[in-house]
>>> print(open('final07.pdb').read())   # PDB, C-alpha atoms
ATOM      1  CA  MET A   1       0.000   0.000   0.000  1.00  0.00           C
ATOM      2  CA  GLY A   2       2.779   2.458   0.849  1.00  0.00           C
ATOM      3  CA  ALA A   3       2.823   5.889   2.403  1.00  0.00           C
ATOM      4  CA  HIS A   4      -0.312   8.010   2.145  1.00  0.00           C
ATOM      5  CA  ALA A   5      -0.189  11.038  -0.173  1.00  0.00           C
ATOM      6  CA  ASP A   6      -0.649  13.390   2.809  1.00  0.00           C
ATOM      7  CA  SER A   7       2.401  11.864   4.488  1.00  0.00           C
ATOM      8  CA  ILE A   8       4.475  12.293   1.344  1.00  0.00           C
ATOM      9  CA  ALA A   9       3.384  15.936   1.112  1.00  0.00           C
ATOM     10  CA  LEU A  10       4.411  16.501   4.736  1.00  0.00           C
ATOM     11  CA  VAL A  11       7.809  14.887   4.042  1.00  0.00           C
ATOM     12  CA  LYS A  12       8.335  17.305   1.155  1.00  0.00           C
ATOM     13  CA  VAL A  13       7.453  20.347   3.290  1.00  0.00           C
ATOM     14  CA  ALA A  14       9.866  19.176   5.992  1.00  0.00           C
ATOM     15  CA  ALA A  15      12.583  18.526   3.393  1.00  0.00           C
ATOM     16  CA  HIS A  16      12.096  22.005   1.961  1.00  0.00           C
ATOM     17  CA  ALA A  17      12.410  23.496   5.444  1.00  0.00           C
ATOM     18  CA  ALA A  18      15.577  21.484   6.106  1.00  0.00           C
ATOM     19  CA  SER A  19      17.081  22.686   2.828  1.00  0.00           C
ATOM     20  CA  GLU A  20      16.490  26.291   3.921  1.00  0.00           C
ATOM     21  CA  LYS A  21      19.027  25.664   6.705  1.00  0.00           C
ATOM     22  CA  MET A  22      21.477  23.869   4.395  1.00  0.00           C
ATOM     23  CA  ALA A  23      20.722  20.323   5.562  1.00  0.00           C
ATOM     24  CA  GLU A  24      22.678  17.669   3.734  1.00  0.00           C
ATOM     25  CA  ASN A  25      22.103  14.099   2.573  1.00  0.00           C
ATOM     26  CA  MET A  26      18.318  14.184   2.715  1.00  0.00           C
ATOM     27  CA  VAL A  27      16.704  10.778   2.345  1.00  0.00           C
ATOM     28  CA  ALA A  28      12.964  10.103   2.533  1.00  0.00           C
ATOM     29  CA  LEU A  29      11.876   6.503   3.062  1.00  0.00           C
ATOM     30  CA  ASP A  30       8.471   4.888   2.776  1.00  0.00           C
ATOM     31  CA  VAL A  31       8.267   2.599   5.826  1.00  0.00           C
ATOM     32  CA  ALA A  32       4.468   2.156   5.896  1.00  0.00           C
ATOM     33  CA  ASP A  33       4.461  -1.489   4.842  1.00  0.00           C
ATOM     34  CA  ARG A  34       7.323  -2.458   7.119  1.00  0.00           C
ATOM     35  CA  LEU A  35       6.705  -0.470  10.283  1.00  0.00           C
ATOM     36  CA  GLY A  36       2.954  -0.055  10.658  1.00  0.00           C
ATOM     37  CA  VAL A  37       3.056   2.840  13.133  1.00  0.00           C
ATOM     38  CA  THR A  38       4.247   5.510  10.714  1.00  0.00           C
ATOM     39  CA  ASP A  39       4.270   6.051   6.956  1.00  0.00           C
ATOM     40  CA  ALA A  40       7.575   7.742   6.281  1.00  0.00           C
ATOM     41  CA  PHE A  41      10.949   8.770   7.632  1.00  0.00           C
ATOM     42  CA  LEU A  42      12.842  11.855   6.564  1.00  0.00           C
ATOM     43  CA  ILE A  43      16.508  11.680   7.516  1.00  0.00           C
ATOM     44  CA  VAL A  44      18.733  14.747   7.169  1.00  0.00           C
ATOM     45  CA  SER A  45      22.166  15.806   8.414  1.00  0.00           C
ATOM     46  CA  GLY A  46      23.716  18.940   9.823  1.00  0.00           C
ATOM     47  CA  GLY A  47      27.404  19.646  10.234  1.00  0.00           C
ATOM     48  CA  SER A  48      27.273  21.082  13.753  1.00  0.00           C
ATOM     49  CA  GLU A  49      25.064  21.075  16.824  1.00  0.00           C
ATOM     50  CA  PRO A  50      23.779  24.629  16.173  1.00  0.00           C
ATOM     51  CA  GLN A  51      22.964  23.717  12.568  1.00  0.00           C
ATOM     52  CA  VAL A  52      21.045  20.603  13.669  1.00  0.00           C
ATOM     53  CA  ASN A  53      18.983  22.740  16.059  1.00  0.00           C
ATOM     54  CA  ALA A  54      18.409  25.393  13.358  1.00  0.00           C
ATOM     55  CA  ILE A  55      17.196  22.727  10.919  1.00  0.00           C
ATOM     56  CA  VAL A  56      14.794  21.404  13.551  1.00  0.00           C
ATOM     57  CA  ASP A  57      13.448  24.892  14.297  1.00  0.00           C
ATOM     58  CA  GLU A  58      12.866  25.552  10.585  1.00  0.00           C
ATOM     59  CA  ILE A  59      11.056  22.245  10.054  1.00  0.00           C
ATOM     60  CA  VAL A  60       8.799  22.846  13.053  1.00  0.00           C
ATOM     61  CA  ALA A  61       8.019  26.393  11.845  1.00  0.00           C
ATOM     62  CA  GLU A  62       7.247  25.420   8.232  1.00  0.00           C
ATOM     63  CA  VAL A  63       5.110  22.410   9.151  1.00  0.00           C
ATOM     64  CA  LEU A  64       3.221  24.557  11.661  1.00  0.00           C
ATOM     65  CA  GLU A  65       2.653  27.240   9.016  1.00  0.00           C
ATOM     66  CA  GLU A  66       1.631  24.799   6.269  1.00  0.00           C
ATOM     67  CA  TYR A  67      -0.422  22.270   8.270  1.00  0.00           C
ATOM     68  CA  SER A  68      -1.013  23.883  11.694  1.00  0.00           C
ATOM     69  CA  MET A  69       0.686  20.810  13.186  1.00  0.00           C
ATOM     70  CA  ARG A  70       3.177  20.548  15.987  1.00  0.00           C
ATOM     71  CA  PRO A  71       5.205  17.394  16.581  1.00  0.00           C
ATOM     72  CA  ILE A  72       3.514  14.865  18.851  1.00  0.00           C
ATOM     73  CA  ARG A  73       6.929  14.219  20.362  1.00  0.00           C
ATOM     74  CA  ARG A  74      10.263  15.952  20.080  1.00  0.00           C
ATOM     75  CA  GLU A  75      13.255  14.020  21.362  1.00  0.00           C
ATOM     76  CA  GLY A  76      16.886  15.100  21.682  1.00  0.00           C
ATOM     77  CA  PHE A  77      16.462  18.837  21.095  1.00  0.00           C
ATOM     78  CA  GLY A  78      19.109  21.051  22.643  1.00  0.00           C
ATOM     79  CA  GLN A  79      21.881  18.496  22.382  1.00  0.00           C
ATOM     80  CA  GLY A  80      22.085  19.003  18.638  1.00  0.00           C
ATOM     81  CA  ARG A  81      23.200  15.467  17.878  1.00  0.00           C
ATOM     82  CA  TRP A  82      20.046  13.573  16.913  1.00  0.00           C
ATOM     83  CA  VAL A  83      16.638  15.202  17.093  1.00  0.00           C
ATOM     84  CA  LEU A  84      13.519  13.211  16.353  1.00  0.00           C
ATOM     85  CA  LEU A  85      10.308  15.008  15.374  1.00  0.00           C
ATOM     86  CA  ASP A  86       7.307  12.689  15.505  1.00  0.00           C
ATOM     87  CA  TYR A  87       4.347  13.916  13.463  1.00  0.00           C
ATOM     88  CA  GLY A  88       2.504  10.602  13.724  1.00  0.00           C
ATOM     89  CA  ASP A  89       2.492   9.494  10.097  1.00  0.00           C
ATOM     90  CA  VAL A  90       5.900  11.076   9.479  1.00  0.00           C
ATOM     91  CA  VAL A  91       9.003  10.916  11.643  1.00  0.00           C
ATOM     92  CA  VAL A  92      11.835  13.335  10.915  1.00  0.00           C
ATOM     93  CA  HIS A  93      15.358  12.473  12.054  1.00  0.00           C
ATOM     94  CA  VAL A  94      17.811  15.375  12.074  1.00  0.00           C
ATOM     95  CA  GLN A  95      21.258  14.055  12.862  1.00  0.00           C
ATOM     96  CA  HIS A  96      24.724  15.452  13.243  1.00  0.00           C
ATOM     97  CA  GLN A  97      26.852  14.069  10.395  1.00  0.00           C
ATOM     98  CA  GLU A  98      28.939  11.960  12.783  1.00  0.00           C
ATOM     99  CA  ASP A  99      25.869  10.360  14.367  1.00  0.00           C
ATOM    100  CA  ARG A 100      24.320   9.805  10.956  1.00  0.00           C
ATOM    101  CA  ILE A 101      27.339   7.778   9.875  1.00  0.00           C
ATOM    102  CA  PHE A 102      27.469   5.842  13.148  1.00  0.00           C
ATOM    103  CA  TYR A 103      23.771   4.892  13.348  1.00  0.00           C
ATOM    104  CA  ALA A 104      23.217   4.519   9.571  1.00  0.00           C
ATOM    105  CA  LEU A 105      19.414   4.571   9.758  1.00  0.00           C
ATOM    106  CA  GLU A 106      18.992   4.379   6.009  1.00  0.00           C
ATOM    107  CA  ARG A 107      20.930   1.120   6.000  1.00  0.00           C
ATOM    108  CA  LEU A 108      18.406  -0.367   8.446  1.00  0.00           C
ATOM    109  CA  TRP A 109      15.560   0.522   6.072  1.00  0.00           C
ATOM    110  CA  ALA A 110      17.471   0.026   2.804  1.00  0.00           C
ATOM    111  CA  ASP A 111      15.063  -2.527   1.374  1.00  0.00           C
ATOM    112  CA  GLY A 112      12.103  -0.131   1.537  1.00  0.00           C
ATOM    113  CA  PRO A 113      11.071   2.282  -1.190  1.00  0.00           C
ATOM    114  CA  VAL A 114      12.577   5.752  -1.383  1.00  0.00           C
ATOM    115  CA  ILE A 115      10.281   8.757  -1.572  1.00  0.00           C
ATOM    116  CA  GLU A 116      11.530  11.023  -4.331  1.00  0.00           C
ATOM    117  CA  LEU A 117      12.206  14.565  -3.144  1.00  0.00           C
ATOM    118  CA  PRO A 118      11.855  17.539  -5.502  1.00  0.00           C
ATOM    119  CA  GLU A 119      14.861  17.904  -7.767  1.00  0.00           C
ATOM    120  CA  GLU A 120      15.697  21.395  -6.513  1.00  0.00           C
ATOM    121  CA  LEU A 121      16.148  19.975  -3.000  1.00  0.00           C
ATOM    122  CA  SER A 122      18.348  17.139  -4.209  1.00  0.00           C
ATOM    123  CA  ALA A 123      20.473  19.506  -6.305  1.00  0.00           C
ATOM    124  CA  ASP A 124      21.258  21.679  -3.265  1.00  0.00           C
ATOM    125  CA  GLN A 125      22.640  18.774  -1.260  1.00  0.00           C
ATOM    126  CA  LYS A 126      26.296  17.938  -0.985  1.00  0.00           C
TER     127      LYS A 126
END
>>> encode(input="final07.pdb", output="structure tokens")
Amino acid sequence: MGAHADSIALVKVAAHAASEKMAENMVALDVADRLGVTDAFLIVSGGSEPQVNAIVDEIVAEVLEEYSMRPIRREGFGQGRWVLLDYGDVVVHVQHQEDRIFYALERLWADGPVIELPEELSADQK
């Protein structure tokens, strides 16, 4: 069945917000058929703790503006290493580059489908 269209739209808004703060290595994964409790993951990286926190703030602001939604849960904020924003059907992981390499979330979910992000977001990534 895959991720719902509303979830994919939310992923794209969050990815756009992350790109505004120069997030890198954005990957969106459809985990609906494998996980059951959420439709999609968005995983992005920042190069420093302040950048991770800035990316998180921008995602929260843009999703609030676009959908009037706040995260159900927000874990890890302030430390700037790995922040999880749980929007129910979408979970956003904003990780420091070092933690992203260490935990390798996308490797855990590698056999699931990738959600294509808009080309302009992919082109901005390093």
>>> resolve_selection(input="final07.pdb", expression="the PyMOL selection byres ((chain A and resi 80-83) around 9)", output="JSON, numbers by chain")
{"A": [46, 48, 49, 50, 51, 52, 53, 56, 74, 75, 76, 77, 78, 79, 84, 85, 92, 93, 94, 95, 96, 97, 98, 99, 100]}
>>> resolve_selection(input="final07.pdb", expression="the PyMOL selection byres ((chain A and resi 1) around 7)", output="list in words")
Gly2, Ala3 and Asp33 of chain A
>>> closest_residue(input="final07.pdb", among="A:His16, A:Arg70, A:Lys21, A:Arg34", to="A:Leu117", atoms="all atoms listed in the file")
A:His16
>>> resolve_selection(input="final07.pdb", expression="the PyMOL selection byres ((chain A and resi 7) around 7)", output="list in words")
Ala3, His4, Ala5, Asp6, Ile8, Ala9, Leu10, Val11, Asp39, Ala40, Asp89 and Val90 of chain A
>>> write_last_selection(input="final07.pdb", atoms="C-alpha atoms", output="PDB file, keeping the file's coordinate frame")
ATOM      1  CA  ALA A   3       2.823   5.889   2.403  1.00  0.00           C
ATOM      2  CA  HIS A   4      -0.312   8.010   2.145  1.00  0.00           C
ATOM      3  CA  ALA A   5      -0.189  11.038  -0.173  1.00  0.00           C
ATOM      4  CA  ASP A   6      -0.649  13.390   2.809  1.00  0.00           C
ATOM      5  CA  ILE A   8       4.475  12.293   1.344  1.00  0.00           C
ATOM      6  CA  ALA A   9       3.384  15.936   1.112  1.00  0.00           C
ATOM      7  CA  LEU A  10       4.411  16.501   4.736  1.00  0.00           C
ATOM      8  CA  VAL A  11       7.809  14.887   4.042  1.00  0.00           C
ATOM      9  CA  ASP A  39       4.270   6.051   6.956  1.00  0.00           C
ATOM     10  CA  ALA A  40       7.575   7.742   6.281  1.00  0.00           C
ATOM     11  CA  ASP A  89       2.492   9.494  10.097  1.00  0.00           C
ATOM     12  CA  VAL A  90       5.900  11.076   9.479  1.00  0.00           C
TER      13      VAL A  90
END
>>> axis_aligned_box(input="final07.pdb", around="stretch 83-99 of chain A", padding_each_side="4 Å", output="lines of an AutoDock Vina configuration file")
center_x = 15.7
center_y = 12.5
center_z = 13.3
size_x = 34.4
size_y = 14.0
size_z = 15.6
>>> closest_residue(input="final07.pdb", among="A:Val114, A:Leu105, A:Val37, A:Met26", to="A:Asp86", atoms="all atoms listed in the file")
A:Val37
>>> atom_distance(input="final07.pdb", atom1="atom CA of A:Ile59", atom2="atom CA of A:Ala17")
5.0 Å
>>> atom_distance(input="final07.pdb", atom1="atom CA of A:Gly47", atom2="atom CA of A:Ala32")
29.2 Å
>>> atom_distance(input="final07.pdb", atom1="atom CA of A:Pro71", atom2="atom CA of A:Glu120")
25.7 Å
>>> decode(input="final07.pdb", residues="stretch 9-75 of chain A", atoms="C-alpha atoms", output="mmCIF file, in the first residue's frame")
data_model
loop_
_atom_site.group_PDB
_atom_site.id
_atom_site.type_symbol
_atom_site.label_atom_id
_atom_site.label_comp_id
_atom_site.auth_asym_id
_atom_site.auth_seq_id
_atom_site.Cartn_x
_atom_site.Cartn_y
_atom_site.Cartn_z
ATOM 1 C CA ALA A 9 3.384 15.936 1.112
ATOM 2 C CA LEU A 10 4.411 16.501 4.736
ATOM 3 C CA VAL A 11 7.809 14.887 4.042
ATOM 4 C CA LYS A 12 8.335 17.305 1.155
ATOM 5 C CA VAL A 13 7.453 20.347 3.290
ATOM 6 C CA ALA A 14 9.866 19.176 5.992
ATOM 7 C CA ALA A 15 12.583 18.526 3.393
ATOM 8 C CA HIS A 16 12.096 22.005 1.961
ATOM 9 C CA ALA A 17 12.410 23.496 5.444
ATOM 10 C CA ALA A 18 15.577 21.484 6.106
ATOM 11 C CA SER A 19 17.081 22.686 2.828
ATOM 12 C CA GLU A 20 16.490 26.291 3.921
ATOM 13 C CA LYS A 21 19.027 25.664 6.705
ATOM 14 C CA MET A 22 21.477 23.869 4.395
ATOM 15 C CA ALA A 23 20.722 20.323 5.562
ATOM 16 C CA GLU A 24 22.678 17.669 3.734
ATOM 17 C CA ASN A 25 22.103 14.099 2.573
ATOM 18 C CA MET A 26 18.318 14.184 2.715
ATOM 19 C CA VAL A 27 16.704 10.778 2.345
ATOM 20 C CA ALA A 28 12.964 10.103 2.533
ATOM 21 C CA LEU A 29 11.876 6.503 3.062
ATOM 22 C CA ASP A 30 8.471 4.888 2.776
ATOM 23 C CA VAL A 31 8.267 2.599 5.826
ATOM 24 C CA ALA A 32 4.468 2.156 5.896
ATOM 25 C CA ASP A 33 4.461 -1.489 4.842
ATOM 26 C CA ARG A 34 7.323 -2.458 7.119
ATOM 27 C CA LEU A 35 6.705 -0.470 10.283
ATOM 28 C CA GLY A 36 2.954 -0.055 10.658
ATOM 29 C CA VAL A 37 3.056 2.840 13.133
ATOM 30 C CA THR A 38 4.247 5.510 10.714
ATOM 31 C CA ASP A 39 4.270 6.051 6.956
ATOM 32 C CA ALA A 40 7.575 7.742 6.281
ATOM 33 C CA PHE A 41 10.949 8.770 7.632
ATOM 34 C CA LEU A 42 12.842 11.855 6.564
ATOM 35 C CA ILE A 43 16.508 11.680 7.516
ATOM 36 C CA VAL A 44 18.733 14.747 7.169
ATOM 37 C CA SER A 45 22.166 15.806 8.414
ATOM 38 C CA GLY A 46 23.716 18.940 9.823
ATOM 39 C CA GLY A 47 27.404 19.646 10.234
ATOM 40 C CA SER A 48 27.273 21.082 13.753
ATOM 41 C CA GLU A 49 25.064 21.075 16.824
ATOM 42 C CA PRO A 50 23.779 24.629 16.173
ATOM 43 C CA GLN A 51 22.964 23.717 12.568
ATOM 44 C CA VAL A 52 21.045 20.603 13.669
ATOM 45 C CA ASN A 53 18.983 22.740 16.059
ATOM 46 C CA ALA A 54 18.409 25.393 13.358
ATOM 47 C CA ILE A 55 17.196 22.727 10.919
ATOM 48 C CA VAL A 56 14.794 21.404 13.551
ATOM 49 C CA ASP A 57 13.448 24.892 14.297
ATOM 50 C CA GLU A 58 12.866 25.552 10.585
ATOM 51 C CA ILE A 59 11.056 22.245 10.054
ATOM 52 C CA VAL A 60 8.799 22.846 13.053
ATOM 53 C CA ALA A 61 8.019 26.393 11.845
ATOM 54 C CA GLU A 62 7.247 25.420 8.232
ATOM 55 C CA VAL A 63 5.110 22.410 9.151
ATOM 56 C CA LEU A 64 3.221 24.557 11.661
ATOM 57 C CA GLU A 65 2.653 27.240 9.016
ATOM 58 C CA GLU A 66 1.631 24.799 6.269
ATOM 59 C CA TYR A 67 -0.422 22.270 8.270
ATOM 60 C CA SER A 68 -1.013 23.883 11.694
ATOM 61 C CA MET A 69 0.686 20.810 13.186
ATOM 62 C CA ARG A 70 3.177 20.548 15.987
ATOM 63 C CA PRO A 71 5.205 17.394 16.581
ATOM 64 C CA ILE A 72 3.514 14.865 18.851
ATOM 65 C CA ARG A 73 6.929 14.219 20.362
ATOM 66 C CA ARG A 74 10.263 15.952 20.080
ATOM 67 C CA GLU A 75 13.255 14.020 21.362
#
